[in-house]
>>> print(open('run_37.txt').read())   # compact mmCIF, C-alpha atoms (C1' of nucleotides)
# COMPACT_ATOMS: atom_id res chain seq x y z
CA MET A 342 -24.93 7.09 22.06
CA SER A 343 -25.24 10.50 20.63
CA GLY A 344 -27.27 13.56 19.75
CA LYS A 345 -24.69 16.24 19.19
CA ARG A 346 -21.19 15.76 17.89
CA SER A 347 -18.59 14.86 20.44
CA PHE A 348 -15.67 16.31 18.45
CA THR A 349 -14.70 19.05 16.05
CA ASP A 350 -13.37 18.59 12.53
CA ALA A 351 -10.13 20.21 13.64
CA GLU A 352 -9.58 17.68 16.43
CA LEU A 353 -10.25 14.83 14.05
CA VAL A 354 -7.86 16.22 11.45
CA VAL A 355 -5.02 16.77 13.91
CA ALA A 356 -5.32 13.22 15.24
CA ALA A 357 -5.54 11.82 11.70
CA LYS A 358 -2.51 13.84 10.63
CA GLN A 359 -0.36 12.07 13.21
CA VAL A 360 -1.40 8.68 11.92
CA PHE A 361 -0.87 9.53 8.25
CA TRP A 362 2.46 11.09 9.17
CA ASP A 363 3.58 7.93 10.94
CA ARG A 364 2.16 5.36 8.57
CA GLY A 365 1.61 6.98 5.17
CA TYR A 366 -1.61 7.10 3.19
CA GLU A 367 -1.93 3.49 2.06
CA GLY A 368 -0.45 2.25 5.32
CA THR A 369 -3.20 3.88 7.34
CA ALA A 370 -6.40 1.87 7.74
CA ILE A 371 -9.73 3.35 8.82
CA ASP A 372 -9.33 1.23 11.95
CA ASP A 373 -6.13 3.17 12.72
CA LEU A 374 -8.01 6.44 12.40
CA GLN A 375 -10.71 5.08 14.71
CA ALA A 376 -8.11 4.16 17.29
CA ALA A 377 -6.35 7.52 17.05
CA THR A 378 -9.49 9.63 17.19
CA GLY A 379 -11.59 7.45 19.48
CA LEU A 380 -14.40 7.81 16.97
CA SER A 381 -16.23 5.11 15.09
CA ARG A 382 -16.42 4.53 11.39
CA SER A 383 -19.81 6.22 11.09
CA SER A 384 -18.58 9.44 12.64
CA LEU A 385 -15.52 9.55 10.44
CA TYR A 386 -17.51 8.92 7.29
CA LEU A 387 -20.26 11.32 8.28
CA ALA A 388 -17.66 14.04 8.81
CA PHE A 389 -15.49 13.51 5.72
CA GLY A 390 -17.08 10.98 3.39
CA THR A 391 -13.87 9.25 2.28
CA LYS A 392 -10.47 8.34 3.63
CA ARG A 393 -8.95 10.52 0.96
CA ALA A 394 -10.87 13.59 2.14
CA VAL A 395 -9.53 13.08 5.65
CA PHE A 396 -6.03 12.78 4.21
CA ASP A 397 -6.39 15.94 2.13
CA ALA A 398 -7.55 17.82 5.21
CA ALA A 399 -4.64 16.39 7.21
CA VAL A 400 -2.16 17.50 4.56
CA ALA A 401 -3.70 20.99 4.49
CA GLU A 402 -3.45 21.21 8.26
CA TYR A 403 0.15 20.02 8.07
CA VAL A 404 1.04 22.64 5.48
CA SER A 405 -0.32 25.46 7.57
CA SER A 406 1.13 24.26 10.87
CA PHE A 407 4.49 22.84 9.78
CA VAL A 408 5.40 23.96 6.27
CA ASP A 409 4.21 27.55 6.19
CA PRO A 410 6.15 28.74 9.25
CA ARG A 411 9.34 27.28 7.83
CA ILE A 412 8.98 28.60 4.28
CA SER A 413 7.60 32.03 5.12
CA PRO A 414 10.95 33.47 6.22
CA LEU A 415 12.33 32.63 2.78
CA GLU A 416 9.40 34.31 1.08
CA ALA A 417 9.65 37.54 3.04
CA PRO A 418 10.73 40.60 1.03
CA GLY A 419 13.90 41.09 3.06
CA ALA A 420 14.97 37.44 2.98
CA GLY A 421 18.53 36.63 2.01
CA VAL A 422 21.22 34.01 2.13
CA ARG A 423 21.10 33.90 5.93
CA GLU A 424 17.45 32.87 5.92
CA ALA A 425 18.22 30.10 3.43
CA ALA A 426 21.03 28.89 5.67
CA ALA A 427 18.78 29.06 8.74
CA PHE A 428 16.16 26.97 6.93
CA PHE A 429 18.55 24.02 6.79
CA ARG A 430 20.10 24.70 10.19
CA GLU A 431 16.68 24.29 11.78
CA PHE A 432 16.15 21.01 9.97
CA ALA A 433 19.47 19.75 11.32
CA SER A 434 18.29 20.33 14.88
CA TYR A 435 14.79 19.03 14.15
CA TYR A 436 16.32 15.78 12.90
CA ARG A 437 17.61 15.06 16.37
CA ARG A 438 14.04 14.55 17.55
CA ALA A 439 13.14 10.94 18.22
CA ASP A 440 10.20 11.04 15.80
CA ALA A 441 12.01 12.85 13.00
CA ASP A 442 12.24 9.60 11.08
CA ARG A 443 8.62 10.06 10.09
CA GLY A 444 9.99 12.60 7.65
CA CYS A 445 7.76 15.32 6.22
CA LEU A 446 4.12 14.39 5.76
CA LEU A 447 3.86 16.45 2.60
CA ILE A 448 7.02 15.11 0.98
CA ASN A 449 6.11 11.57 2.03
CA ALA A 450 2.78 12.06 0.30
CA MET A 451 4.48 13.46 -2.80
CA ALA A 452 6.75 10.42 -2.95
CA GLU A 453 3.99 7.94 -2.19
CA LEU A 454 1.27 9.28 -4.47
CA ALA A 455 3.35 10.68 -7.33
CA GLY A 456 2.46 8.86 -10.51
CA ARG A 457 -0.02 6.60 -8.73
CA ASP A 458 -2.70 9.17 -7.99
CA PRO A 459 -2.86 11.91 -10.62
CA SER A 460 -5.16 13.99 -8.43
CA PHE A 461 -2.29 14.61 -6.04
CA SER A 462 0.16 15.81 -8.70
CA PRO A 463 -1.00 19.44 -8.62
CA VAL A 464 -0.31 19.54 -4.89
CA SER A 465 3.19 18.18 -5.47
CA VAL A 466 3.90 20.59 -8.30
CA ALA A 467 2.55 23.53 -6.32
CA TYR A 468 4.71 22.77 -3.30
CA HIS A 469 7.78 22.20 -5.43
CA ASP A 470 7.25 25.50 -7.25
CA ARG A 471 6.60 27.30 -4.01
CA LEU A 472 9.82 26.04 -2.49
CA ARG A 473 11.79 26.95 -5.56
CA GLY A 474 10.25 30.41 -5.59
CA ALA A 475 11.03 30.87 -1.91
CA PHE A 476 14.71 30.03 -2.42
CA ALA A 477 14.81 32.23 -5.53
CA ASN A 478 13.46 35.09 -3.46
CA ALA A 479 16.05 34.56 -0.73
CA LEU A 480 18.98 34.21 -3.15
CA GLY A 481 17.71 36.91 -5.49
CA ASN A 482 18.56 39.57 -2.95
CA ALA A 483 22.12 38.30 -2.55
CA ALA A 484 25.26 39.45 -4.26
CA MET A 485 25.28 36.85 -6.99
CA ASP A 486 24.53 36.49 -10.65
CA SER A 487 20.77 36.05 -11.17
CA LYS A 488 21.29 32.95 -13.32
CA GLN A 489 23.43 31.48 -10.60
CA ALA A 490 20.70 32.34 -8.07
CA GLY A 491 18.24 30.43 -10.27
CA ARG A 492 20.50 27.40 -10.48
CA ARG A 493 21.12 27.39 -6.78
CA SER A 494 17.40 27.70 -6.01
CA ALA A 495 16.74 24.59 -8.07
CA MET A 496 19.60 22.81 -6.33
CA LEU A 497 18.34 23.71 -2.85
CA THR A 498 14.80 22.66 -3.76
CA ALA A 499 16.01 19.23 -4.81
CA SER A 500 18.21 19.06 -1.72
CA THR A 501 15.23 19.80 0.51
CA LEU A 502 13.28 16.88 -0.95
CA GLY A 503 16.39 14.74 -0.65
CA VAL A 504 17.11 15.40 3.01
CA TRP A 505 13.48 14.72 3.95
CA ILE A 506 13.68 11.34 2.25
CA THR A 507 17.06 10.66 3.85
CA VAL A 508 15.85 11.44 7.37
CA ARG A 509 13.50 8.48 7.17
CA PHE A 510 16.26 5.89 6.96
CA ASP A 511 19.28 7.80 8.31
CA PRO A 512 18.43 10.83 10.47
CA ALA A 513 22.07 11.42 11.44
CA ALA A 514 23.16 11.58 7.80
CA ALA A 515 20.27 13.92 7.02
CA ALA A 516 21.33 16.23 9.86
CA THR A 517 24.92 16.21 8.63
CA THR A 518 23.78 17.09 5.14
CA CYS A 519 21.70 19.98 6.48
CA ARG A 520 24.66 21.38 8.33
CA ALA A 521 26.75 21.04 5.17
CA LEU A 522 24.05 22.87 3.22
CA GLU A 523 23.95 25.60 5.84
CA ARG A 524 27.68 26.20 5.58
CA GLU A 525 27.74 25.98 1.83
CA ILE A 526 24.93 28.53 1.59
CA LEU A 527 26.66 30.87 4.02
CA SER A 528 29.71 30.80 1.75
CA TRP A 529 27.52 32.38 -0.93
CA GLU A 530 27.03 35.47 1.16
CA THR A 531 30.43 36.91 0.41
CA PRO A 532 31.90 36.79 -3.09
CA ALA A 533 33.78 33.51 -2.57
CA PRO A 534 36.03 33.00 0.45
CA HIS A 535 39.03 31.74 -1.51
CA CYS A 536 39.30 35.06 -3.36
CA SER A 537 41.82 36.81 -1.16
CA MET B 133 1.88 -28.40 -17.91
CA SER B 134 5.44 -29.01 -17.03
CA GLY B 135 8.44 -31.21 -16.63
CA LYS B 136 11.30 -28.77 -16.93
CA ARG B 137 11.21 -25.08 -16.21
CA SER B 138 9.97 -22.88 -19.01
CA PHE B 139 11.90 -19.81 -17.85
CA THR B 140 15.08 -18.66 -16.15
CA ASP B 141 15.32 -16.72 -12.91
CA ALA B 142 16.89 -13.85 -14.83
CA GLU B 143 13.93 -13.57 -17.22
CA LEU B 144 11.52 -13.60 -14.31
CA VAL B 145 13.46 -10.92 -12.45
CA VAL B 146 13.72 -8.59 -15.44
CA ALA B 147 9.98 -8.82 -16.08
CA ALA B 148 9.21 -8.32 -12.39
CA LYS B 149 11.55 -5.34 -12.23
CA GLN B 150 9.47 -3.51 -14.82
CA VAL B 151 6.29 -4.05 -12.83
CA PHE B 152 7.80 -2.98 -9.50
CA TRP B 153 9.34 0.04 -11.24
CA ASP B 154 5.98 1.08 -12.63
CA ARG B 155 3.79 0.30 -9.66
CA GLY B 156 5.95 0.19 -6.54
CA TYR B 157 6.25 -2.66 -4.06
CA GLU B 158 2.88 -2.49 -2.31
CA GLY B 159 1.17 -1.49 -5.53
CA THR B 160 2.28 -4.67 -7.26
CA ALA B 161 0.09 -7.74 -6.75
CA ILE B 162 1.17 -11.28 -7.46
CA ASP B 163 -1.43 -11.25 -10.22
CA ASP B 164 0.47 -8.39 -11.85
CA LEU B 165 3.66 -10.44 -11.73
CA GLN B 166 1.79 -13.38 -13.27
CA ALA B 167 0.56 -11.18 -16.10
CA ALA B 168 4.01 -9.69 -16.72
CA THR B 169 5.89 -12.98 -16.64
CA GLY B 170 3.23 -15.26 -18.12
CA LEU B 171 3.90 -17.62 -15.23
CA SER B 172 1.47 -18.89 -12.65
CA ARG B 173 1.55 -18.42 -8.91
CA SER B 174 3.11 -21.82 -8.31
CA SER B 175 6.05 -21.13 -10.56
CA LEU B 176 6.68 -17.75 -9.00
CA TYR B 177 6.51 -19.12 -5.48
CA LEU B 178 8.58 -22.17 -6.32
CA ALA B 179 11.29 -19.92 -7.76
CA PHE B 180 11.41 -17.22 -5.07
CA GLY B 181 9.25 -18.18 -2.13
CA THR B 182 7.90 -14.71 -1.33
CA LYS B 183 6.94 -11.52 -3.11
CA ARG B 184 9.64 -9.77 -1.15
CA ALA B 185 12.35 -12.10 -2.45
CA VAL B 186 11.30 -11.32 -6.02
CA PHE B 187 11.45 -7.62 -5.19
CA ASP B 188 14.90 -7.88 -3.65
CA ALA B 189 16.15 -9.70 -6.72
CA ALA B 190 14.56 -7.07 -8.95
CA VAL B 191 16.24 -4.27 -7.00
CA ALA B 192 19.59 -6.05 -7.23
CA GLU B 193 19.16 -6.46 -10.97
CA TYR B 194 18.22 -2.80 -11.24
CA VAL B 195 21.28 -1.71 -9.32
CA SER B 196 23.62 -3.61 -11.57
CA SER B 197 21.94 -2.65 -14.84
CA PHE B 198 20.91 0.94 -14.14
CA VAL B 199 22.66 2.34 -11.09
CA ASP B 200 26.16 0.88 -11.41
CA PRO B 201 26.89 2.17 -14.92
CA ARG B 202 25.85 5.68 -13.86
CA ILE B 203 27.77 5.81 -10.59
CA SER B 204 30.92 4.02 -11.73
CA PRO B 205 32.32 7.02 -13.63
CA LEU B 206 32.17 9.02 -10.39
CA GLU B 207 33.97 6.29 -8.49
CA ALA B 208 36.81 5.95 -10.98
CA PRO B 209 40.25 7.08 -9.75
CA GLY B 210 40.52 9.82 -12.35
CA ALA B 211 37.02 11.19 -11.84
CA GLY B 212 36.56 14.92 -11.41
CA VAL B 213 34.10 17.75 -11.58
CA ARG B 214 33.33 17.03 -15.22
CA GLU B 215 32.13 13.52 -14.38
CA ALA B 216 29.88 14.91 -11.65
CA ALA B 217 28.42 17.39 -14.11
CA ALA B 218 27.94 14.67 -16.72
CA PHE B 219 26.07 12.57 -14.15
CA PHE B 220 23.33 15.17 -13.95
CA ARG B 221 23.45 16.08 -17.65
CA GLU B 222 22.61 12.50 -18.51
CA PHE B 223 19.68 12.54 -16.10
CA ALA B 224 18.37 15.68 -17.79
CA SER B 225 18.24 13.88 -21.12
CA TYR B 226 16.91 10.67 -19.58
CA TYR B 227 14.02 12.65 -18.09
CA ARG B 228 12.76 13.39 -21.59
CA ARG B 229 11.86 9.72 -21.99
CA ALA B 230 8.14 9.00 -21.86
CA ASP B 231 8.52 6.52 -19.02
CA ALA B 232 10.89 8.62 -16.92
CA ASP B 233 8.04 9.45 -14.56
CA ARG B 234 8.49 6.00 -13.03
CA GLY B 235 11.48 7.56 -11.32
CA CYS B 236 14.29 5.39 -9.99
CA LEU B 237 13.27 1.95 -8.77
CA LEU B 238 15.85 2.07 -5.99
CA ILE B 239 14.97 5.55 -4.76
CA ASN B 240 11.26 4.77 -5.03
CA ALA B 241 11.88 1.74 -2.84
CA MET B 242 13.90 3.80 -0.37
CA ALA B 243 11.05 6.30 -0.12
CA GLU B 244 8.32 3.67 0.04
CA LEU B 245 9.91 1.28 2.51
CA ALA B 246 11.91 3.69 4.68
CA GLY B 247 10.64 3.46 8.22
CA ARG B 248 7.97 0.92 7.31
CA ASP B 249 10.25 -2.04 6.64
CA PRO B 250 13.40 -2.00 8.78
CA SER B 251 14.93 -4.78 6.71
CA PHE B 252 15.26 -2.39 3.78
CA SER B 253 17.05 0.34 5.73
CA PRO B 254 20.55 -1.10 5.25
CA VAL B 255 20.01 -1.04 1.49
CA SER B 256 18.97 2.61 1.66
CA VAL B 257 21.87 3.57 3.87
CA ALA B 258 24.34 1.68 1.70
CA TYR B 259 23.16 3.34 -1.47
CA HIS B 260 23.14 6.78 0.15
CA ASP B 261 26.67 6.28 1.44
CA ARG B 262 27.85 4.94 -1.89
CA LEU B 263 26.50 7.96 -3.73
CA ARG B 264 28.06 10.34 -1.25
CA GLY B 265 31.38 8.54 -1.53
CA ALA B 266 31.22 8.67 -5.32
CA PHE B 267 30.67 12.42 -5.32
CA ALA B 268 33.38 12.86 -2.72
CA ASN B 269 35.77 10.96 -4.96
CA ALA B 270 34.90 13.09 -7.97
CA LEU B 271 35.14 16.39 -6.09
CA GLY B 272 38.14 15.33 -4.03
CA ASN B 273 40.35 15.52 -7.10
CA ALA B 274 39.21 19.05 -7.89
CA ALA B 275 40.80 22.33 -6.99
CA MET B 276 38.70 23.02 -3.93
CA ASP B 277 38.98 22.92 -0.19
CA SER B 278 38.47 19.37 1.08
CA LYS B 279 35.84 20.48 3.58
CA GLN B 280 33.99 22.23 0.81
CA ALA B 281 34.24 19.08 -1.30
CA GLY B 282 32.63 17.18 1.58
CA ARG B 283 29.80 19.67 1.89
CA ARG B 284 29.18 19.69 -1.81
CA SER B 285 29.16 15.87 -1.94
CA ALA B 286 26.43 15.83 0.69
CA MET B 287 24.50 18.47 -1.22
CA LEU B 288 24.72 16.60 -4.51
CA THR B 289 23.66 13.37 -2.83
CA ALA B 290 20.53 15.01 -1.43
CA SER B 291 19.94 16.66 -4.81
CA THR B 292 20.11 13.31 -6.56
CA LEU B 293 17.40 11.87 -4.31
CA GLY B 294 15.40 15.06 -4.79
CA VAL B 295 15.44 15.10 -8.58
CA TRP B 296 14.43 11.44 -8.73
CA ILE B 297 11.42 12.20 -6.56
CA THR B 298 10.63 15.29 -8.60
CA VAL B 299 10.71 13.46 -11.92
CA ARG B 300 7.72 11.43 -10.81
CA PHE B 301 5.36 14.38 -10.67
CA ASP B 302 7.13 16.97 -12.84
CA PRO B 303 9.70 15.54 -15.29
CA ALA B 304 10.28 18.89 -16.97
CA ALA B 305 11.15 20.55 -13.66
CA ALA B 306 13.44 17.65 -12.79
CA ALA B 307 15.26 18.03 -16.11
CA THR B 308 15.64 21.76 -15.56
CA THR B 309 17.07 21.15 -12.11
CA CYS B 310 19.56 18.65 -13.52
CA ARG B 311 20.77 21.14 -16.08
CA ALA B 312 21.10 23.73 -13.33
CA LEU B 313 23.10 21.26 -11.27
CA GLU B 314 25.32 20.50 -14.25
CA ARG B 315 26.15 24.17 -14.77
CA GLU B 316 26.62 24.86 -11.09
CA ILE B 317 29.02 21.94 -10.81
CA LEU B 318 30.98 23.03 -13.85
CA SER B 319 31.47 26.40 -12.18
CA TRP B 320 33.38 24.56 -9.46
CA GLU B 321 36.01 23.47 -11.92
CA THR B 322 37.76 26.81 -12.00
CA PRO B 323 38.39 28.76 -8.80
CA ALA B 324 35.16 30.82 -9.01
CA PRO B 325 34.26 32.67 -12.21
CA HIS B 326 33.63 36.02 -10.57
CA CYS B 327 37.21 36.21 -9.32
CA SER B 328 38.78 38.35 -11.99
C1' DT C 310 -43.43 15.47 27.69
C1' DC C 311 -43.03 14.28 23.14
C1' DC C 312 -41.02 14.09 18.76
C1' DA C 313 -38.06 15.12 14.79
C1' DT C 314 -33.28 15.19 14.00
C1' DC C 315 -28.80 14.04 14.30
C1' DT C 316 -24.78 10.99 15.97
C1' DT C 317 -22.99 6.73 17.16
C1' DG C 318 -21.36 1.71 17.47
C1' DG C 319 -20.61 -2.02 15.15
C1' DA C 320 -22.16 -5.55 12.00
C1' DC C 321 -21.92 -6.23 7.31
C1' DT C 322 -20.67 -6.30 2.10
C1' DG C 323 -17.72 -6.98 -1.60
C1' DC C 324 -13.31 -6.83 -3.01
C1' DC C 325 -8.44 -7.49 -2.97
C1' DT C 326 -4.34 -9.40 -0.85
C1' DA C 327 -0.13 -12.91 -0.05
C1' DG C 328 0.58 -17.33 0.35
C1' DT C 329 -0.74 -22.66 0.28
C1' DC C 330 -1.93 -26.84 -1.78
C1' DC C 331 -2.86 -30.57 -4.82
C1' DA C 332 -3.96 -33.05 -8.83
C1' DA C 333 -2.62 -33.03 -13.73
C1' DG C 334 0.88 -33.57 -16.69
C1' DA C 335 5.53 -33.07 -18.84
C1' DT C 336 10.24 -34.66 -18.67
C1' DA C 337 14.54 -37.52 -18.32
C1' DG C 338 16.94 -41.53 -16.93
C1' DT C 339 16.93 -46.36 -17.21
C1' DA D 1276 7.90 -48.35 -21.68
C1' DC D 1277 8.10 -47.40 -17.06
C1' DT D 1278 8.74 -44.51 -13.15
C1' DA D 1279 10.51 -41.02 -10.03
C1' DT D 1280 10.86 -36.19 -10.10
C1' DC D 1281 9.85 -31.76 -11.02
C1' DT D 1282 6.71 -27.92 -12.88
C1' DT D 1283 2.39 -26.01 -13.63
C1' DG D 1284 -2.55 -24.15 -13.41
C1' DG D 1285 -5.81 -22.74 -10.66
C1' DA D 1286 -8.75 -23.40 -6.70
C1' DC D 1287 -8.50 -22.31 -2.08
C1' DT D 1288 -7.55 -20.09 2.75
C1' DA D 1289 -7.29 -16.55 5.87
C1' DG D 1290 -6.97 -11.97 6.58
C1' DG D 1291 -7.24 -6.97 5.57
C1' DC D 1292 -9.32 -3.23 3.19
C1' DA D 1293 -12.72 0.98 2.21
C1' DG D 1294 -17.11 1.95 2.43
C1' DT D 1295 -22.41 1.05 3.69
C1' DC D 1296 -26.17 0.57 6.59
C1' DC D 1297 -29.28 0.49 10.38
C1' DA D 1298 -31.02 0.19 14.90
C1' DA D 1299 -30.05 2.34 19.33
C1' DG D 1300 -29.90 6.27 21.67
C1' DA D 1301 -28.86 11.16 22.81
C1' DT D 1302 -30.26 15.86 22.08
C1' DG D 1303 -32.90 20.17 21.76
C1' DG D 1304 -37.04 22.57 20.45
C1' DA D 1305 -41.96 23.04 21.17
>>> encode(input="run_37.txt", output="structure tokens")
Amino acid sequence: MSGKRSFTDAELVVAAKQVFWDRGYEGTAIDDLQAATGLSRSSLYLAFGTKRAVFDAAVAEYVSSFVDPRISPLEAPGAGVREAAAFFREFASYYRRADADRGCLLINAMAELAGRDPSFSPVSVAYHDRLRGAFANALGNAAMDSKQAGRRSAMLTASTLGVWITVRFDPAAAATTCRALEREILSWETPAPHCS
Amino acid sequence: MSGKRSFTDAELVVAAKQVFWDRGYEGTAIDDLQAATGLSRSSLYLAFGTKRAVFDAAVAEYVSSFVDPRISPLEAPGAGVREAAAFFREFASYYRRADADRGCLLINAMAELAGRDPSFSPVSVAYHDRLRGAFANALGNAAMDSKQAGRRSAMLTASTLGVWITVRFDPAAAATTCRALEREILSWETPAPHCS
DNA sequence: TCCATCTTGGACTGCCTAGTCCAAGATAGT
DNA sequence: ACTATCTTGGACTAGGCAGTCCAAGATGGA
């Protein structure tokens, strides 16, 4: 049977991430993780101890591979309105993927575990704050009132959560909304197009 | 034991609604419904047949008692920007309630069942479309470009989903976002404040 | 070669689930 | 008062769950 491990933690986590992404936390059984990883219960439990620990590792992996690259441009010192617009434009094209209706693993987890599992709340709050801060950074450099930049950051943060929920039941509508957001944001670049 | 029914369907549904609202669909066991209604399994199953049928009835009751009164003002013929702003202002004050962290039963259901239960998708799509149409009605009467009104309707629809997810893990942040949305929307009433 | 150490498969436990079923009993019409 | 009809409590079924455990076996060092 064994002797030395036939897999790395990273391989396990990547395979598990796909399952949690497709099926959610509660919807994923240990048997599903076995099937996806090709490992047996013992190996999974020896490596991580609990289902929840595997999930936490999967979410962390997701954040660094999926979330970070998309938020970083907004957090960069030189970020502006164009980066905020590009953020949503890229979602619009992503939503054309066949598997986009899985949504965002992190936001799915926030929606699924919020209020039910207090230990996940800090993760939700941290991600929400990070997103808001990233938009505030991008809009803060633009030619607009700083209070308005704050309001718009909050609005875009809520919109981001909203489109990632929407993509799970209506990907086309989510893509349309992202394109609308892109154009609306671009209109913030210049001091209002309808002023002569 | 019996003879004639000791309860009405409506009473059962209202009690069940509270449980589903607090605990979600999967998180609610028939035993929880028994405890909340004071009825036994037989009575519940005789009245509705399946857990899912009880849930559907609870969602329908929720829509007519909670959702309809809040969306109707946006759908009225004379609705405008002020109604859209009031929509979010009322959420901001609602989010100060102790039990606001249950979120919105309908949006919770959309998030929980999207992609997992195809039979719920039409409900999600219908509600999303209704909300978008309501905002489009309210903004369509305002002094703004009709394409911009369309974009902003999509944005506010996504924002609405977003704040109802947010309230479950950070009610204060959700309330802040609603106030920001209110003020941002009010700024749409006049043709841009920074134009002389 | 031998042995201590680690991994592995899979059986198992205990618990929780939705849904079924039936005997006990209450009711209303006659 | 009798009886057909409906409701009710609660035991029960069948299945799914996370997590435990151990014997079988592979490995690497001495």
>>> atom_distance(input="run_37.txt", atom1="atom CA of Glu321 of chain B", atom2="atom CA of Asn269 of chain B")
14.3 Å
>>> closest_residue(input="run_37.txt", among="A:Leu480, A:Ile412, A:Ala439, A:Val466", to="chain B", atoms="all atoms listed in the file")
A:Val466
>>> residues_near_point(input="run_37.txt", point="(-38.3, 11.7, 18.8)", cutoff="12 Å", atoms="all atoms listed in the file", output="count of residues only")
12
>>> residues_around(input="run_37.txt", residues="segment 387-400 of chain A", least_positions_apart="2", cutoff="7 Å", atoms="all atoms listed in the file", output="ChimeraX atom specification")
/A:354-355,357-358,383-385,402-404,447
>>> write_last_selection(input="run_37.txt", atoms="C-alpha atoms", output="JSON list (two decimals), keeping the file's coordinate frame")
[["chain", "number", "residue", "atom", "x", "y", "z"],
["A", 354, "VAL", "CA", -7.86, 16.22, 11.45],
["A", 355, "VAL", "CA", -5.02, 16.77, 13.91],
["A", 357, "ALA", "CA", -5.54, 11.82, 11.70],
["A", 358, "LYS", "CA", -2.51, 13.84, 10.63],
["A", 383, "SER", "CA", -19.81, 6.22, 11.09],
["A", 384, "SER", "CA", -18.58, 9.44, 12.64],
["A", 385, "LEU", "CA", -15.52, 9.55, 10.44],
["A", 402, "GLU", "CA", -3.45, 21.21, 8.26],
["A", 403, "TYR", "CA", 0.15, 20.02, 8.07],
["A", 404, "VAL", "CA", 1.04, 22.64, 5.48],
["A", 447, "LEU", "CA", 3.86, 16.45, 2.60]]
>>> atom_distance(input="run_37.txt", atom1="atom C1' of DA1276 of chain D", atom2="atom C1' of DC331 of chain C")
26.8 Å
